[in-house]
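Below is one structure; the comments refer to it alone.
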Amino acid sequence: MNVMGNLQQFGRSLMIPTIALPVAAVFLFLGALPWHFIGLEAVGELFVYCGELVFLLLPYLFAVGVALGLTESAGIAGLSSLLGYFMLTQITSQYMDPVLEMGVSGGILIGILTALAYHRFKNIQLPEYIQYLGGPRFVPFFMSVATIGLSLVIIAVGPVLQQLFSMLGEMLLNLGGFGAFIYGAAYRLLVPSGLHHILNNVYWFQLGSYERPDGSLVFGDLPRFFAGDPEAGIFMAGLYPIIMFALPAIALVIIREAREDLKPKVRITFLTAALACFLTGVTEPIEFAFLFVAPALFFIHAILSGISMWIAYELEIRHGFSFSPGLLEFVVNGHLATKGLWLIPIGLVYGLIYYFLFRWAIRKFQLPTPGREEGSPLEEWAGDVRYRAPLILQALGGKNNIKTMEACITRLRLTLEDDKRIDPIALKHLGAAGVIHLGGGNVQVVFGTFSELIREEIMKVMRTDKKQVLFNSPVQGVMIPLEDVPDEVFSKKLVGNGVAFIPDRGELVSPVSGKVVHIHPAMHAIGIETPDGLEILMHIGIDTVHLEEMWFTSMVDLGEDVVPGQLLIRFNLPKVKQQAKSLATPMLITNIDKVKSWSFAPFKAVKKGQGAVMSVVLKEDAASFGGQSDD
């Protein structure tokens, strides 16, 4: 049983319905504006009504959202779950006294039950005369019957369940500031695995109850806060100093401690990350910059987050958010907060603590944070996601390695046939902030807010039947555009199209599978033909044909079959660097008439044999040349 995979999919499904919460927050903010000064009280009342309506419908959103999240967005599962939850609430309200207020818990329960039913019955075959109800169409029928049974069980045990939930909620709430500390620390520790959504669901949507003036009940710290409960917000307020001040302070330290030659690029990347964190609460680009290089520091970060929650609790600060604790939510929800402005000085103090703590740790332990080493994930995406999708897919082990792939706000969540086939270096080269192995083939790749777009583009690549050829790096060094090669024959693409490299080690390896069809007598150039008929030329350095043959040693023979990463030529790098016009080493496809489209990875440092540096899609007539798969 793939427990971790199921948990990460469940955690993602809990995020789906919360997408609607910012709508409620904005409506409530607009409703709190002084409309009466211009005689438009009804407008303010309408906004308030619409905002409260979102929270009223929240259990239905969770029922549908969980069902969709656990069934890869199967529409009939969402419909079945909606039907099931409506029946559950109506039956229990008709036959229970007092009515058991299940709220979001009931929606989640129905969503899970619907997902289980969908996976069990989506391929069911009935007798031919009633097959119309077979397959996925059987799911709403089953849920209608199952919900009746579930309703009868709840009617029978409802009072006991209500008492148990109340006792558990009171126990957690009675922990006071220490309880807030435990939640804050656990929340941050679970962020890398993506399982913090499950923890949040308990505290934000289950814990505590509040009776509105109209007699209706709302549950959970988040809905209670927006309903006007003065005691709500204890599990949200303390997150503001961490998100708005502490994490941006880490970004400033990373910028300050970067090498001078990399500092301009680091500055652009992490000022953007700091601003996104401060305004919207997106934290992963900063947290993953130090999570893997300093896990002990991340643990301290979690403890300090818990202390922030405790401080806010003891100072009786109550504040909340609909989605994430950034400046925008701080301002929009300020009218509902208690002592909310106190979070600003607390945040400033936290920012200073984090700044000096992280600067000391980076210097003391020489932590390789971004900008302190060549392999830092600093690339700006610049709108070229669709060009990188084939390369990202290759770095994930190819489409045959992917069993499931979902995306939340900042990460891809994958279940792989073999997680050892992925190339973490290539993924970081393509913009990933981090790669997390959860066991059982479950992997998360953090790409930031581009994750959903990346998933869509990868799915397009996986659905296409076009033939692709994927290239590894032939050298260790820096990848550069072909236009930067100081030789017009290559830079103007007179020989062919491709990329070039500046090697920092005297080894040339094969970028593809194929056959050696040409070795220059001076052994500074070699040609490979792929099974698809592509002709690949690699040329070590510029104006190297006149160099001594002894500086180049071929490690393969003419006609020999080679595989990616296999050593082709060993050369004397210092001598070539001294005598050649340039070390630039082009990797070209010479018969470009066979290529339909090209994709290139970012032009920066690469490892020898590193995957996902270039990808081409062949024209249909070229694709029929060979039959091998690159996956």
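Numbering starts fresh at 1 for the residues of each chain in the structure tokens, the chains themselves are lettered A, B, ... in the order given, and ligands are numbered from 1 as they appear.
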Which residues come within 12 Å of region 534-536 of chain A, counting only C-alpha atoms, excluding same-chain residues fewer than 5 positions away, as a PyMOL selection string? chain A and resi 467-471+474+495-499+510-519+525-529+586-595+616-619+622-623+625-626
Mind dumping a table of every region 77-152 of chain A residue within 10 Å of region 54-72 of chain A, with the nearest atom pair and its distance in Å to one decimal, using only C-alpha atoms, sorted by chain and rising number, as a tab-separated table?
```
residue	atom	partner	partner_atom	distance
A:Ala77	CA	A:Ala67	CA	5.9
A:Gly78	CA	A:Val64	CA	4.7
A:Leu79	CA	A:Val64	CA	7.2
A:Ser80	CA	A:Val64	CA	8.3
A:Ser81	CA	A:Val64	CA	5.7
A:Leu82	CA	A:Val64	CA	5.8
A:Leu83	CA	A:Val64	CA	9.4
A:Gly84	CA	A:Ala63	CA	8.6
A:Tyr85	CA	A:Ala63	CA	6.8
A:Phe86	CA	A:Tyr60	CA	7.9
A:Met102	CA	A:Pro59	CA	8.5
A:Gly103	CA	A:Pro59	CA	5.4
A:Val104	CA	A:Pro59	CA	4.3
A:Ser105	CA	A:Pro59	CA	7.5
A:Gly106	CA	A:Pro59	CA	6.9
A:Gly107	CA	A:Ala63	CA	4.0
A:Ile108	CA	A:Ala63	CA	5.3
A:Leu109	CA	A:Ala63	CA	7.5
A:Ile110	CA	A:Ala63	CA	5.9
A:Gly111	CA	A:Ala67	CA	4.4
A:Ile112	CA	A:Ala67	CA	6.2
A:Leu113	CA	A:Ala67	CA	8.2
A:Thr114	CA	A:Ala67	CA	6.1
A:Ala115	CA	A:Ala67	CA	5.2
A:Leu116	CA	A:Leu70	CA	8.5
A:Tyr118	CA	A:Thr71	CA	7.4
A:His119	CA	A:Thr71	CA	7.5
```
Could you give me, as a PyMOL selection string, each residue of region 390-583 of chain A that DSSP assigns to alpha helix (DSSP H) when run on this structure's backbone? chain A and resi 390-395+424-429+451-463+488-491+573-579
Those selected residues, please, written with C-alpha atoms and delivered as a PDB file, in the first residue's frame.
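The new file out_20.pdb reads:
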```pdb
ATOM      1  CA  PRO A 390      10.384  17.996 -22.940  1.00  0.00           C
ATOM      2  CA  LEU A 391      13.634  18.485 -21.039  1.00  0.00           C
ATOM      3  CA  ILE A 392      11.894  18.357 -17.650  1.00  0.00           C
ATOM      4  CA  LEU A 393      10.095  15.204 -18.757  1.00  0.00           C
ATOM      5  CA  GLN A 394      13.430  13.651 -19.704  1.00  0.00           C
ATOM      6  CA  ALA A 395      14.912  14.619 -16.328  1.00  0.00           C
ATOM      7  CA  PRO A 424      18.036  15.948  -9.770  1.00  0.00           C
ATOM      8  CA  ILE A 425      20.944  17.934 -11.225  1.00  0.00           C
ATOM      9  CA  ALA A 426      19.142  18.359 -14.534  1.00  0.00           C
ATOM     10  CA  LEU A 427      15.929  19.364 -12.745  1.00  0.00           C
ATOM     11  CA  LYS A 428      17.744  22.045 -10.775  1.00  0.00           C
ATOM     12  CA  HIS A 429      19.417  23.125 -14.005  1.00  0.00           C
ATOM     13  CA  SER A 451       4.214  24.236 -11.363  1.00  0.00           C
ATOM     14  CA  GLU A 452       0.683  23.986 -12.766  1.00  0.00           C
ATOM     15  CA  LEU A 453       1.787  25.422 -16.103  1.00  0.00           C
ATOM     16  CA  ILE A 454       4.720  22.995 -16.209  1.00  0.00           C
ATOM     17  CA  ARG A 455       2.376  20.085 -15.572  1.00  0.00           C
ATOM     18  CA  GLU A 456       0.076  21.169 -18.399  1.00  0.00           C
ATOM     19  CA  GLU A 457       2.970  21.445 -20.838  1.00  0.00           C
ATOM     20  CA  ILE A 458       4.422  18.082 -19.792  1.00  0.00           C
ATOM     21  CA  MET A 459       1.001  16.466 -20.260  1.00  0.00           C
ATOM     22  CA  LYS A 460       0.887  17.889 -23.793  1.00  0.00           C
ATOM     23  CA  VAL A 461       4.280  16.355 -24.502  1.00  0.00           C
ATOM     24  CA  MET A 462       3.192  12.998 -23.063  1.00  0.00           C
ATOM     25  CA  ARG A 463       0.030  12.949 -25.166  1.00  0.00           C
ATOM     26  CA  GLU A 488      31.045  32.440 -38.266  1.00  0.00           C
ATOM     27  CA  VAL A 489      30.840  28.919 -39.685  1.00  0.00           C
ATOM     28  CA  PHE A 490      29.254  27.804 -36.402  1.00  0.00           C
ATOM     29  CA  SER A 491      27.649  31.019 -35.112  1.00  0.00           C
ATOM     30  CA  LEU A 573      42.575  20.825 -21.899  1.00  0.00           C
ATOM     31  CA  PRO A 574      45.438  23.160 -20.815  1.00  0.00           C
ATOM     32  CA  LYS A 575      47.274  22.719 -24.151  1.00  0.00           C
ATOM     33  CA  VAL A 576      44.100  23.176 -26.227  1.00  0.00           C
ATOM     34  CA  LYS A 577      43.134  26.235 -24.209  1.00  0.00           C
ATOM     35  CA  GLN A 578      46.574  27.741 -24.737  1.00  0.00           C
ATOM     36  CA  GLN A 579      46.822  27.107 -28.489  1.00  0.00           C
TER      37      GLN A 579
END
```
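When only C-alpha atoms are used to measure the gap to Phe290 (chain A), the shortest distance among A:Ala337, A:Ala232, A:Val160, A:Ala251 belongs to A:Ala251.
Checking A:Leu583, A:Val563, A:Leu396, A:Ala274 one by one against Ala612 (chain A), counting only C-alpha atoms, you find the shortest gap at A:Leu396.
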Which polymer residues have any atom within 7 Å of an atom of region 293-298 of chain A, counting only C-alpha atoms, with same-chain residues fewer than 6 positions away left out, as an MDAnalysis selection string? chainID A and resid 367:369
File of the preceding selection, C-alpha atoms, as a compact mmCIF listing (two decimals), in the first residue's frame:
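Wrote it out as selection32.txt, contents follow:
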```
# COMPACT_ATOMS: atom_id res chain seq x y z
CA LEU A 367 26.78 26.72 3.56
CA PRO A 368 26.46 26.46 -0.25
CA THR A 369 23.37 28.65 -0.54
```
Need the shell around His319 (chain A): protein/DNA/RNA residues with any atom at most 8 Å away, counting only C-alpha atoms. Skip same-chain ones fewer than 4 positions apart. Format as a list of chain:residue names? A:Phe225, A:Ala232, A:Gly233, A:Ile234, A:Met236, A:Ala237, A:Phe330, A:Asn333, A:Gly334, A:Leu336, A:Ala337, A:Thr338, A:Gly340
Tell me which protein, DNA and RNA residues are within 8 Å of region 268-273 of chain A, counting only C-alpha atoms, leaving out same-chain ones fewer than 2 positions away, and put them as number ranges by chain. A: 248, 251-252, 254-255, 264-266, 275-277, 283, 285-286, 378-380
Within 6 Å of Gly306 (chain A), counting only C-alpha atoms, which residues qualify if same-chain residues fewer than 3 places away don't, as a PyMOL selection string? chain A and resi 181+184-185+303+309
Can those selected residues be exported to a file as a short mmCIF file (atom, residue, chain, number, x, y, z; two decimals), in the first residue's frame so that it contains C-alpha atoms?
```
data_model
loop_
_atom_site.label_atom_id
_atom_site.label_comp_id
_atom_site.auth_asym_id
_atom_site.auth_seq_id
_atom_site.Cartn_x
_atom_site.Cartn_y
_atom_site.Cartn_z
CA PHE A 181 3.67 26.66 19.34
CA GLY A 184 3.46 26.48 14.22
CA ALA A 185 6.54 24.24 14.47
CA ILE A 303 11.06 26.23 16.24
CA MET A 309 2.72 31.63 17.19
#
```
